[in-house]
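Participant: Contents of model00.txt (compact mmCIF, C-alpha atoms):
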```txt
# COMPACT_ATOMS: atom_id res chain seq x y z
CA MET W 1 36.08 32.51 -12.00
CA ALA W 2 35.05 34.14 -8.72
CA SER W 3 31.70 35.23 -10.13
CA ALA W 4 31.07 31.73 -11.47
CA ILE W 5 31.78 30.26 -8.05
CA THR W 6 29.47 32.80 -6.47
CA THR W 7 26.68 31.92 -8.91
CA LEU W 8 27.04 28.22 -8.30
CA ALA W 9 27.02 28.74 -4.54
CA ALA W 10 23.89 30.88 -4.81
CA ASP W 11 22.14 28.25 -6.91
CA ALA W 12 23.03 25.34 -4.63
CA PRO W 13 20.14 24.19 -2.44
CA THR W 14 20.39 25.02 1.23
CA LEU W 15 18.63 23.36 4.12
CA SER W 16 15.07 24.64 4.52
CA ALA W 17 13.65 24.43 8.01
CA ALA W 18 10.13 24.84 6.60
CA ASN W 19 10.45 22.01 4.09
CA THR W 20 12.21 19.82 6.62
CA GLY W 21 9.44 20.32 9.17
CA PHE W 22 6.78 19.77 6.52
CA MET W 23 8.38 16.50 5.43
CA LEU W 24 8.71 15.21 9.00
CA ILE W 25 4.99 15.86 9.49
CA CYS W 26 4.23 14.08 6.19
CA SER W 27 6.36 11.13 7.31
CA ALA W 28 4.35 10.87 10.52
CA LEU W 29 1.10 11.02 8.51
CA VAL W 30 2.25 8.16 6.26
CA MET W 31 3.25 6.14 9.33
CA LEU W 32 -0.29 6.61 10.67
CA MET W 33 -1.65 5.01 7.51
CA THR W 34 -0.37 1.57 8.52
CA PRO W 35 -2.37 1.48 11.79
CA GLY W 36 -5.25 2.98 9.79
CA LEU W 37 -4.95 0.13 7.31
CA ALA W 38 -4.89 -2.32 10.23
CA PHE W 39 -8.23 -0.98 11.48
CA PHE W 40 -9.67 -0.90 7.95
CA TYR W 41 -8.74 -4.53 7.33
CA GLY W 42 -9.37 -5.62 10.93
CA GLY W 43 -12.98 -4.49 10.81
CA MET W 44 -13.62 -6.21 7.47
CA VAL W 45 -12.82 -9.73 8.68
CA ARG W 46 -14.80 -12.01 10.96
CA VAL W 47 -14.31 -11.52 14.68
CA LYS W 48 -12.19 -14.64 15.04
CA SER W 49 -9.56 -13.20 12.67
CA SER W 50 -9.51 -9.52 13.61
CA LEU W 51 -6.40 -9.53 15.83
CA ASN W 52 -4.44 -11.49 13.26
CA MET W 53 -5.40 -8.94 10.62
CA LEU W 54 -4.25 -6.10 12.85
CA MET W 55 -0.96 -7.85 13.53
CA MET W 56 -0.26 -8.55 9.86
CA SER W 57 -0.10 -4.79 9.32
CA PHE W 58 1.63 -3.90 12.58
CA ILE W 59 4.46 -6.41 12.12
CA SER W 60 5.49 -4.56 8.97
CA LEU W 61 6.35 -1.54 11.10
CA GLY W 62 8.94 -3.65 12.88
CA ILE W 63 10.38 -5.82 10.11
CA VAL W 64 10.57 -3.30 7.28
CA THR W 65 11.96 -0.52 9.48
CA ILE W 66 14.97 -2.61 10.49
CA LEU W 67 15.61 -3.91 6.97
CA TRP W 68 15.33 -0.39 5.55
CA VAL W 69 18.03 0.87 7.89
CA LEU W 70 20.31 -2.14 7.33
CA TYR W 71 20.19 -2.25 3.51
CA GLY W 72 16.80 -1.30 2.06
CA PHE W 73 17.47 2.42 1.62
CA SER W 74 20.76 1.59 -0.07
CA LEU W 75 19.11 -0.86 -2.50
CA ALA W 76 16.28 1.52 -3.36
CA PHE W 77 18.07 4.87 -3.49
CA GLY W 78 21.78 4.14 -3.62
CA THR W 79 24.00 4.65 -6.66
CA ASP W 80 22.35 3.08 -9.69
CA SER W 81 23.60 -0.18 -11.19
CA GLY W 82 22.17 -0.92 -14.62
CA GLY W 83 18.85 0.80 -13.97
CA PHE W 84 17.57 -2.08 -11.84
CA ILE W 85 19.07 -1.72 -8.36
CA GLY W 86 21.02 0.74 -6.26
CA TRP W 87 23.77 0.46 -3.67
CA SER W 88 25.73 2.96 -1.58
CA SER W 89 27.86 1.81 1.34
CA ASP W 90 27.24 5.13 3.12
CA TYR W 91 23.55 4.25 3.32
CA VAL W 92 24.12 0.83 4.92
CA GLY W 93 22.91 1.20 8.48
CA LEU W 94 22.38 4.89 7.64
CA SER W 95 25.86 5.21 9.13
CA GLY W 96 27.67 7.38 6.58
CA ILE W 97 25.17 10.23 6.36
CA GLY W 98 25.84 13.67 7.82
CA ILE W 99 23.08 15.14 9.93
CA THR W 100 22.79 18.21 7.67
CA GLU W 101 23.66 16.42 4.42
CA LEU W 102 20.99 17.27 1.85
CA TRP W 103 19.18 14.90 -0.45
CA ASP W 104 20.56 15.65 -3.90
CA GLY W 105 18.78 18.60 -5.50
CA TYR W 106 16.46 19.25 -2.56
CA THR W 107 16.38 21.31 0.60
CA ILE W 108 15.74 18.51 3.08
CA PRO W 109 18.30 16.28 4.84
CA VAL W 110 18.98 12.76 3.57
CA TYR W 111 17.70 11.46 6.91
CA VAL W 112 14.32 13.10 6.30
CA PHE W 113 14.04 11.66 2.79
CA ALA W 114 15.04 8.24 4.12
CA VAL W 115 12.41 8.20 6.86
CA PHE W 116 9.69 9.46 4.51
CA GLN W 117 10.43 6.70 2.02
CA LEU W 118 10.63 4.18 4.87
CA MET W 119 6.95 4.73 5.61
CA PHE W 120 6.09 3.85 2.00
CA ALA W 121 8.12 0.67 2.31
CA VAL W 122 6.29 -0.22 5.53
CA ILE W 123 2.74 0.09 4.23
CA THR W 124 3.25 -1.68 0.89
CA PRO W 125 3.57 -5.27 2.20
CA ALA W 126 0.86 -4.50 4.77
CA LEU W 127 -1.49 -3.83 1.84
CA ILE W 128 -0.91 -7.38 0.59
CA SER W 129 -2.11 -8.90 3.86
CA GLY W 130 -5.77 -8.08 3.23
CA ALA W 131 -5.92 -10.65 0.44
CA LEU W 132 -4.70 -13.42 2.77
CA ALA W 133 -7.09 -13.01 5.71
CA ASP W 134 -8.04 -15.96 7.92
CA ARG W 135 -5.58 -18.55 6.67
CA VAL W 136 -1.84 -17.70 6.82
CA LYS W 137 0.61 -18.60 9.59
CA PHE W 138 1.87 -15.46 11.25
CA SER W 139 5.49 -16.67 11.23
CA ALA W 140 5.27 -17.44 7.52
CA TRP W 141 3.75 -14.01 6.86
CA ALA W 142 6.58 -12.31 8.77
CA LEU W 143 9.22 -14.19 6.75
CA PHE W 144 7.37 -13.48 3.50
CA THR W 145 7.33 -9.77 4.37
CA ALA W 146 11.10 -9.70 4.91
CA LEU W 147 11.82 -11.58 1.69
CA TRP W 148 9.28 -9.67 -0.39
CA VAL W 149 10.50 -6.19 0.45
CA THR W 150 14.06 -7.33 -0.26
CA VAL W 151 13.53 -8.85 -3.69
CA VAL W 152 10.44 -6.97 -4.89
CA TYR W 153 9.76 -3.64 -3.17
CA PHE W 154 13.31 -2.29 -2.86
CA PRO W 155 14.20 -2.99 -6.52
CA VAL W 156 10.86 -1.68 -7.86
CA ALA W 157 11.18 1.51 -5.80
CA HIS W 158 14.55 2.02 -7.47
CA TRP W 159 13.09 1.43 -10.94
CA VAL W 160 10.40 4.04 -10.39
CA TRP W 161 12.00 6.71 -8.19
CA GLY W 162 15.74 6.06 -7.99
CA ALA W 163 18.12 8.29 -9.94
CA GLY W 164 19.04 6.02 -12.83
CA GLY W 165 16.09 3.65 -12.37
CA TRP W 166 15.01 2.40 -15.78
CA LEU W 167 11.36 3.44 -15.47
CA PHE W 168 12.42 6.80 -14.04
CA LYS W 169 14.70 7.39 -17.04
CA LEU W 170 11.98 6.24 -19.43
CA GLY W 171 9.77 9.07 -18.17
CA VAL W 172 7.08 7.06 -16.40
CA ILE W 173 5.12 9.38 -14.11
CA ASP W 174 4.33 7.97 -10.68
CA PHE W 175 3.93 10.88 -8.31
CA ALA W 176 3.49 8.91 -5.07
CA GLY W 177 3.27 5.18 -5.72
CA GLY W 178 0.65 3.94 -8.17
CA THR W 179 3.14 1.45 -9.59
CA ALA W 180 5.69 1.08 -6.79
CA VAL W 181 3.09 0.72 -4.02
CA HIS W 182 -0.39 -0.18 -5.24
CA ILE W 183 0.16 -2.18 -8.42
CA ASN W 184 3.14 -3.79 -6.72
CA ALA W 185 1.09 -4.84 -3.67
CA GLY W 186 -2.01 -5.80 -5.65
CA ALA W 187 -0.08 -8.00 -8.09
CA ALA W 188 1.78 -9.60 -5.18
CA ALA W 189 -1.53 -10.35 -3.46
CA LEU W 190 -2.83 -12.06 -6.59
CA GLY W 191 0.36 -14.11 -6.92
CA VAL W 192 0.22 -15.33 -3.33
CA ILE W 193 -3.47 -16.24 -3.25
CA LEU W 194 -3.09 -18.25 -6.46
CA VAL W 195 -0.52 -20.35 -4.58
CA ILE W 196 -2.11 -20.72 -1.14
CA GLY W 197 -5.70 -21.17 -2.27
CA LYS W 198 -9.08 -20.18 -0.94
CA ARG W 199 -10.48 -19.91 2.58
CA VAL W 200 -12.56 -22.72 3.97
CA GLY W 201 -16.14 -21.96 3.00
CA PHE W 202 -15.33 -19.45 0.24
CA LYS W 203 -18.51 -18.72 -1.77
CA LYS W 204 -20.49 -20.91 0.67
CA ASP W 205 -20.31 -19.35 4.13
CA PRO W 206 -21.14 -15.72 4.94
CA MET W 207 -17.91 -13.84 5.60
CA ARG W 208 -19.27 -10.43 6.51
CA PRO W 209 -17.27 -7.67 8.24
CA HIS W 210 -17.52 -7.96 12.01
CA SER W 211 -17.17 -4.21 12.70
CA LEU W 212 -18.11 -1.62 10.12
CA PRO W 213 -17.33 1.21 12.58
CA LEU W 214 -13.71 -0.04 12.63
CA VAL W 215 -13.72 -0.07 8.83
CA MET W 216 -14.90 3.53 8.71
CA LEU W 217 -12.34 4.57 11.33
CA GLY W 218 -9.59 2.92 9.31
CA ALA W 219 -10.76 4.55 6.09
CA GLY W 220 -10.82 7.94 7.78
CA LEU W 221 -7.27 7.51 9.08
CA LEU W 222 -6.12 6.40 5.64
CA TRP W 223 -7.76 9.44 4.01
CA PHE W 224 -6.12 11.74 6.57
CA GLY W 225 -2.68 10.15 6.30
CA TRP W 226 -2.85 10.09 2.51
CA PHE W 227 -2.38 13.87 2.39
CA GLY W 228 1.13 13.28 3.71
CA PHE W 229 1.58 10.33 1.36
CA ASN W 230 0.68 12.38 -1.71
CA ALA W 231 1.49 16.02 -1.02
CA GLY W 232 4.75 15.09 0.69
CA SER W 233 6.01 13.21 -2.34
CA TRP W 234 7.09 16.46 -3.99
CA LEU W 235 9.62 16.77 -1.11
CA GLY W 236 8.99 20.44 -0.56
CA ASN W 237 6.51 23.26 -0.57
CA ASP W 238 8.18 25.92 -2.69
CA ASP W 239 6.41 25.87 -6.07
CA GLY W 240 2.78 24.92 -5.45
CA VAL W 241 2.90 21.41 -6.95
CA GLY W 242 2.40 19.80 -3.55
CA ALA W 243 -0.60 22.05 -2.96
CA VAL W 244 -2.18 20.94 -6.24
CA MET W 245 -1.61 17.33 -5.23
CA PHE W 246 -3.22 17.99 -1.84
CA VAL W 247 -6.34 19.42 -3.51
CA ASN W 248 -6.50 16.64 -6.08
CA THR W 249 -6.24 14.01 -3.36
CA GLN W 250 -9.36 15.38 -1.67
CA VAL W 251 -11.26 15.89 -4.91
CA ALA W 252 -10.59 12.47 -6.43
CA THR W 253 -11.38 10.66 -3.18
CA ALA W 254 -14.71 12.42 -2.87
CA ALA W 255 -15.58 11.67 -6.50
CA ALA W 256 -14.67 8.00 -6.16
CA MET W 257 -16.71 7.55 -3.00
CA LEU W 258 -19.78 9.08 -4.64
CA ALA W 259 -19.28 7.06 -7.83
CA TRP W 260 -18.92 3.78 -5.90
CA LEU W 261 -22.06 4.53 -3.90
CA GLY W 262 -23.99 5.45 -7.06
CA TYR W 263 -22.95 2.22 -8.76
CA GLU W 264 -23.82 0.26 -5.63
CA LYS W 265 -27.28 1.82 -5.42
CA LEU W 266 -28.03 1.08 -9.06
CA ARG W 267 -26.57 -2.43 -8.94
CA HIS W 268 -27.62 -3.62 -5.47
CA GLY W 269 -30.22 -1.13 -4.27
CA SER W 270 -28.40 0.25 -1.21
CA PHE W 271 -25.80 2.79 -0.13
CA THR W 272 -23.49 0.88 2.23
CA THR W 273 -20.87 2.10 4.66
CA LEU W 274 -18.47 -0.54 3.33
CA GLY W 275 -19.03 0.86 -0.16
CA ALA W 276 -18.32 4.41 1.01
CA ALA W 277 -15.08 3.32 2.69
CA SER W 278 -13.98 1.18 -0.26
CA GLY W 279 -14.81 3.89 -2.77
CA ALA W 280 -12.77 6.44 -0.85
CA VAL W 281 -9.76 4.11 -0.82
CA ALA W 282 -10.16 3.43 -4.55
CA GLY W 283 -10.02 7.17 -5.22
CA LEU W 284 -6.97 7.59 -3.02
CA VAL W 285 -5.21 4.78 -4.89
CA ALA W 286 -6.03 6.14 -8.34
CA ILE W 287 -4.98 9.73 -7.63
CA THR W 288 -1.67 8.65 -6.07
CA PRO W 289 0.23 8.33 -9.38
CA SER W 290 -1.76 10.94 -11.31
CA GLY W 291 -2.58 13.82 -8.98
CA GLY W 292 0.63 15.74 -9.62
CA SER W 293 0.01 15.92 -13.35
CA CYS W 294 -3.73 16.67 -13.65
CA SER W 295 -6.11 19.51 -12.84
CA PRO W 296 -8.85 19.29 -10.19
CA LEU W 297 -11.38 18.62 -12.97
CA GLY W 298 -9.17 15.80 -14.16
CA ALA W 299 -9.02 14.51 -10.60
CA ILE W 300 -12.82 14.36 -10.48
CA ALA W 301 -12.82 12.27 -13.65
CA ILE W 302 -10.04 9.97 -12.43
CA GLY W 303 -11.77 9.46 -9.08
CA ALA W 304 -15.17 8.78 -10.65
CA ILE W 305 -13.72 6.28 -13.13
CA ALA W 306 -11.83 4.49 -10.36
CA GLY W 307 -14.90 4.37 -8.12
CA VAL W 308 -17.05 2.65 -10.72
CA VAL W 309 -14.42 0.34 -12.21
CA CYS W 310 -13.10 -0.81 -8.83
CA ALA W 311 -16.66 -1.43 -7.60
CA MET W 312 -17.16 -3.65 -10.62
CA ALA W 313 -13.76 -5.33 -10.22
CA VAL W 314 -14.27 -6.60 -6.66
CA GLY W 315 -16.77 -9.13 -7.95
CA LEU W 316 -14.26 -10.71 -10.34
CA LYS W 317 -12.96 -13.00 -7.60
CA TYR W 318 -16.26 -14.87 -7.65
CA LYS W 319 -16.28 -15.10 -11.44
CA PHE W 320 -12.67 -16.30 -11.70
CA ASN W 321 -12.70 -18.23 -8.41
CA PHE W 322 -9.77 -16.66 -6.57
CA ASP W 323 -10.17 -15.70 -2.94
CA ASP W 324 -9.01 -12.10 -2.53
CA SER W 325 -10.37 -11.82 1.00
CA LEU W 326 -10.55 -8.03 1.37
CA ASP W 327 -10.43 -6.94 -2.29
CA VAL W 328 -6.78 -5.94 -2.51
CA VAL W 329 -6.72 -6.92 -6.18
CA GLY W 330 -10.01 -5.20 -6.98
CA VAL W 331 -9.10 -1.92 -5.27
CA HIS W 332 -5.31 -1.58 -5.16
CA LEU W 333 -4.24 -3.40 -8.31
CA VAL W 334 -7.12 -2.19 -10.46
CA GLY W 335 -7.12 1.30 -8.92
CA GLY W 336 -3.36 1.59 -9.38
CA VAL W 337 -3.60 0.54 -13.02
CA ILE W 338 -6.41 3.04 -13.67
CA GLY W 339 -4.62 5.94 -12.01
CA SER W 340 -1.30 5.20 -13.70
CA LEU W 341 -2.73 4.80 -17.19
CA LEU W 342 -4.99 7.85 -16.93
CA VAL W 343 -1.89 10.02 -16.55
CA GLY W 344 -1.52 9.39 -20.28
CA LEU W 345 -4.92 11.00 -20.85
CA PHE W 346 -5.30 13.70 -18.20
CA ALA W 347 -1.75 15.08 -17.69
CA THR W 348 -1.99 18.79 -18.42
CA GLY W 349 1.71 19.40 -18.98
CA GLY W 350 1.58 22.32 -16.57
CA VAL W 351 1.98 20.92 -13.05
CA GLN W 352 4.79 18.53 -12.10
CA SER W 353 6.27 18.34 -15.62
CA ASP W 354 5.65 19.40 -19.20
CA ALA W 355 4.55 15.89 -20.21
CA ALA W 356 1.01 16.19 -21.59
CA GLY W 357 -1.59 13.48 -22.02
CA LEU W 358 -3.81 12.71 -25.00
CA PHE W 359 -6.59 15.07 -23.92
CA TYR W 360 -4.13 17.97 -23.67
CA GLY W 361 -2.42 17.60 -27.03
CA GLY W 362 0.33 15.22 -25.99
CA GLY W 363 -0.69 12.31 -28.18
CA LEU W 364 -0.18 8.73 -27.06
CA GLU W 365 3.48 8.95 -26.06
CA GLN W 366 2.93 9.34 -22.31
CA LEU W 367 0.21 6.68 -22.30
CA GLY W 368 2.68 4.27 -23.85
CA LYS W 369 5.27 5.03 -21.19
CA GLN W 370 2.69 4.57 -18.45
CA ALA W 371 1.67 1.21 -19.88
CA VAL W 372 5.28 0.01 -19.82
CA GLY W 373 5.55 0.99 -16.16
CA VAL W 374 2.23 -0.61 -15.22
CA PHE W 375 2.72 -3.97 -16.86
CA SER W 376 6.41 -4.40 -16.06
CA VAL W 377 5.81 -3.87 -12.33
CA LEU W 378 2.66 -6.00 -12.42
CA ALA W 379 4.40 -8.92 -14.11
CA TYR W 380 7.53 -8.80 -11.96
CA SER W 381 5.65 -8.58 -8.68
CA LEU W 382 3.10 -11.24 -9.63
CA VAL W 383 5.69 -13.81 -10.66
CA VAL W 384 8.27 -13.23 -7.93
CA SER W 385 5.61 -13.08 -5.19
CA ALA W 386 4.09 -16.35 -6.36
CA VAL W 387 7.52 -17.98 -6.37
CA LEU W 388 8.24 -16.75 -2.83
CA ALA W 389 4.87 -18.02 -1.60
CA PHE W 390 5.43 -21.39 -3.32
CA LEU W 391 8.87 -21.84 -1.75
CA LEU W 392 7.62 -20.91 1.72
CA ASP W 393 4.58 -23.15 1.35
CA LYS W 394 6.75 -26.12 0.39
CA THR W 395 9.24 -25.54 3.23
CA ILE W 396 7.72 -24.09 6.41
CA GLY W 397 4.10 -24.06 5.16
CA MET W 398 2.10 -20.87 4.54
CA ARG W 399 -1.33 -21.93 5.81
CA VAL W 400 -2.72 -22.91 9.17
CA THR W 401 -4.58 -26.21 9.29
CA GLU W 402 -8.21 -26.36 8.24
CA ASP W 403 -9.29 -27.04 11.84
CA ASP W 404 -7.33 -24.02 13.09
CA GLU W 405 -8.82 -21.81 10.38
CA VAL W 406 -12.34 -22.86 11.30
CA SER W 407 -11.81 -22.48 15.05
CA GLY W 408 -10.19 -19.06 14.68
CA ILE W 409 -6.73 -17.88 13.72
CA ASP W 410 -6.59 -15.34 16.57
CA GLN W 411 -6.60 -18.04 19.23
CA VAL W 412 -4.25 -20.33 17.31
CA GLU W 413 -1.62 -17.79 16.28
CA HIS W 414 -1.87 -15.17 19.04
CA ALA W 415 -3.55 -16.87 22.02
CA GLU W 416 -5.97 -13.94 22.29
CA THR W 417 -9.41 -12.85 21.25
CA ALA W 418 -10.41 -9.37 20.14
CA TYR W 419 -13.40 -9.02 22.45
CA ASP W 420 -14.10 -10.32 25.93
CA PHE W 421 -17.83 -10.92 26.10
CA SER W 422 -17.63 -12.10 29.72
CA GLY W 423 -16.90 -8.59 30.97
CA ALA W 424 -14.01 -9.89 33.05
CA GLY W 425 -11.19 -8.02 31.31
CA GLY W 426 -8.78 -8.62 28.44
CA GLY W 427 -8.71 -11.33 25.81
CA ALA W 428 -7.59 -14.88 26.31
CA SER W 429 -3.89 -15.37 27.01
CA SER W 430 -1.56 -18.32 26.91
CA ARG W 431 -0.57 -17.40 30.49
CA SER W 432 -4.10 -18.04 31.80
CA THR W 433 -4.40 -21.12 33.98
CA ALA W 434 -7.97 -20.94 35.23
CA ALA W 435 -10.76 -22.71 33.35
CA PRO W 436 -12.96 -20.33 31.34
CA ALA W 437 -16.23 -19.21 32.87
CA PRO W 438 -19.39 -20.38 31.10
CA ALA W 439 -19.91 -16.94 29.53
CA ALA W 440 -16.35 -16.88 28.25
CA ALA W 441 -16.74 -20.34 26.80
CA ALA W 442 -19.88 -19.18 25.03
CA SER W 443 -17.98 -16.21 23.60
CA LYS W 444 -15.50 -18.56 22.00
CA LYS W 445 -18.37 -20.24 20.18
CA VAL W 446 -19.45 -16.81 18.94
CA ASP W 447 -15.89 -16.07 17.76
CA ALA W 448 -15.79 -19.28 15.75
```
Starting from the file, lay out its structure as structure tokens.

Facilitator:
Amino acid sequence: MASAITTLAADAPTLSAANTGFMLICSALVMLMTPGLAFFYGGMVRVKSSLNMLMMSFISLGIVTILWVLYGFSLAFGTDSGGFIGWSSDYVGLSGIGITELWDGYTIPVYVFAVFQLMFAVITPALISGALADRVKFSAWALFTALWVTVVYFPVAHWVWGAGGWLFKLGVIDFAGGTAVHINAGAAALGVILVIGKRVGFKKDPMRPHSLPLVMLGAGLLWFGWFGFNAGSWLGNDDGVGAVMFVNTQVATAAAMLAWLGYEKLRHGSFTTLGAASGAVAGLVAITPSGGSCSPLGAIAIGAIAGVVCAMAVGLKYKFNFDDSLDVVGVHLVGGVIGSLLVGLFATGGVQSDAAGLFYGGGLEQLGKQAVGVFSVLAYSLVVSAVLAFLLDKTIGMRVTEDDEVSGIDQVEHAETAYDFSGAGGGASSRSTAAPAPAAAASKKVDA
């Protein structure tokens, strides 16, 4: 009996300072992705909407953080109930967790796991915002964010990653969020825009990015932060799987950027900075679910496929007449579907698990499991998000008025402008009492 006790004690995980420090750094990197996304989206819109686009990402840092502490972590990672939702009273308010209590089966504290997963919860609704640029009331967006994470993100995170979650038990592989984050957000974006409609002037007026340098800055921050997003999702650094994911993240992103640019050159005759940034993000999205199960050569293939297919997909909004302002559907939904399904082809069976894809002798079994995960999350998020948007639109109203949209949502919703062309200082403020100088008045015409 004594020897058995000794063996069990020796096998039990103990707190690792190295893994704990690594995961705290990864959590900070994932947090940085939300401001990076804000810059990426903020540069892609017209100048009169740039502050609103920044704020639609930043507000998620506030709302989702508080909800995660109050009940979100419990719903997503608490004790399983039927495979669809979790709940643990000790996780409510994060009040019943010991400071050295370990996450089950790992060498990091529960607090560290909770804050790492919090950053995923924060960025997911922020991803949706890019599809809704120029036309949504900020108060309605804030309320939608709170409702959406509660009834969509928290349950889906439990399905995919929670112990007992039905997709987790089925064997669906989602290393870092292809289904829970990207398909979830992309399907939600499609559901909402089908309810709220198109921007004024869609397919008629030019709606070019106002600052491509901001777009490139945002893409660079996303690429940088994504190493924490992906490599950190193994929750440790002891067996090399996280290192493989780190390498595959870089490789797939590079391949996707080159593939997007090649397609763009052949199709449109130019290599654009927007194409480079979008291609990089498409590669990051596609490798997120798949990078822990494939080789670097597989990552090149996954990235290249995602780069071309997503570049083709962004034009579907014009063909099918839905206004996905910043291509959330074309990049995140399509990229997430590609990356998740390609696990069923490129999984080697020798990295994160022994599940092998079709190209490595595993047959179609894993592809079938991946398809169940993809289409169940897609359908649930699409339908519930559309219902939420419909209810909000019929009660408090989701959209600003047409006049306010045309004049500029920054001024209407935030009483500010992104740039002060008069050289006199900061943007317009509701506290200002003096009449605008002629140059400032002219700048407002430029903003519109």

Participant: Can you pull out every residue within 8 Å of Thr253 of chain W, counting only C-alpha atoms, but drop anything in the same chain fewer than 4 positions away, and send it as an MDAnalysis selection string?

Facilitator: chainID W and resid 249 257 279:284 287 303

Participant: At a cut-off of 10 Å around the point (7.4, -1.5, 5.2) (file coordinates), what residues fall inside when counting all atoms listed in the file? I'd like the answer as a ChimeraX atom specification.

Facilitator: /W:31,34,57-68,72,117-127,145-146,149,153

Participant: Give me the residues within 10 Å of segment 264-266 of chain W as number ranges by chain, counting only C-alpha atoms and dropping any in the same chain fewer than 4 places off.

Facilitator: W: 258-260, 270-272, 275-276, 308, 311-312

Participant: Determine, counting only C-alpha atoms, which protein, DNA and RNA residues have an atom within 12 Å of an atom of Leu102 of chain W; residues of the same chain fewer than 2 positions away are not included. Present the result as a list of chain:residue names.

Facilitator: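 So the residues in contact are W:Ala12, W:Pro13, W:Thr14, W:Leu15, W:Ser16, W:Ala17, W:Asn19, W:Thr20, W:Ile97, W:Gly98, W:Ile99, W:Thr100, W:Asp104, W:Gly105, W:Tyr106, W:Thr107, W:Ile108, W:Pro109, W:Val110, W:Tyr111, W:Val112, W:Phe113, W:Ala114, W:Leu235.
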
Participant: Between atom CA of Ser27 of chain W and atom CA of Val377 of chain W, what is the spacing in Å?

Facilitator: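 Separation between atom CA of Val377 of chain W and atom CA of Ser27 of chain W: 24.7 Å.
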
Participant: Please report the interatomic distance between atom CA of Gly292 of chain W and atom CA of Cys26 of chain W in Å with one decimal.

Facilitator: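 Atom-to-atom, atom CA of Gly292 of chain W and atom CA of Cys26 of chain W are spaced 16.3 Å apart.
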
Participant: In Å to one decimal, how far is atom CA of Asp134 of chain W from atom CA of Leu37 of chain W?

Facilitator: 16.4 Å

Participant: What's the 6 Å shell around segment 162-173 of chain W, counting only C-alpha atoms, without same-chain residues fewer than 2 positions away, as a PyMOL selection string?

Facilitator: chain W and resi 77+80+83-84+158-160+369-370

Participant: Compare W:Phe138, W:Phe322, W:Phe73, W:Phe144 by their minimum atom-to-atom distance to Leu54 of chain W, counting all atoms listed in the file, and give me the closest one.

Facilitator: W:Phe138

Participant: So, counting all atoms listed in the file, which residue among W:Ala286, W:Leu94, W:Val152, W:Ala140 is closest to Val115 of chain W?

Facilitator: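 Answer, going by the shortest atom-to-atom distance: W:Leu94.
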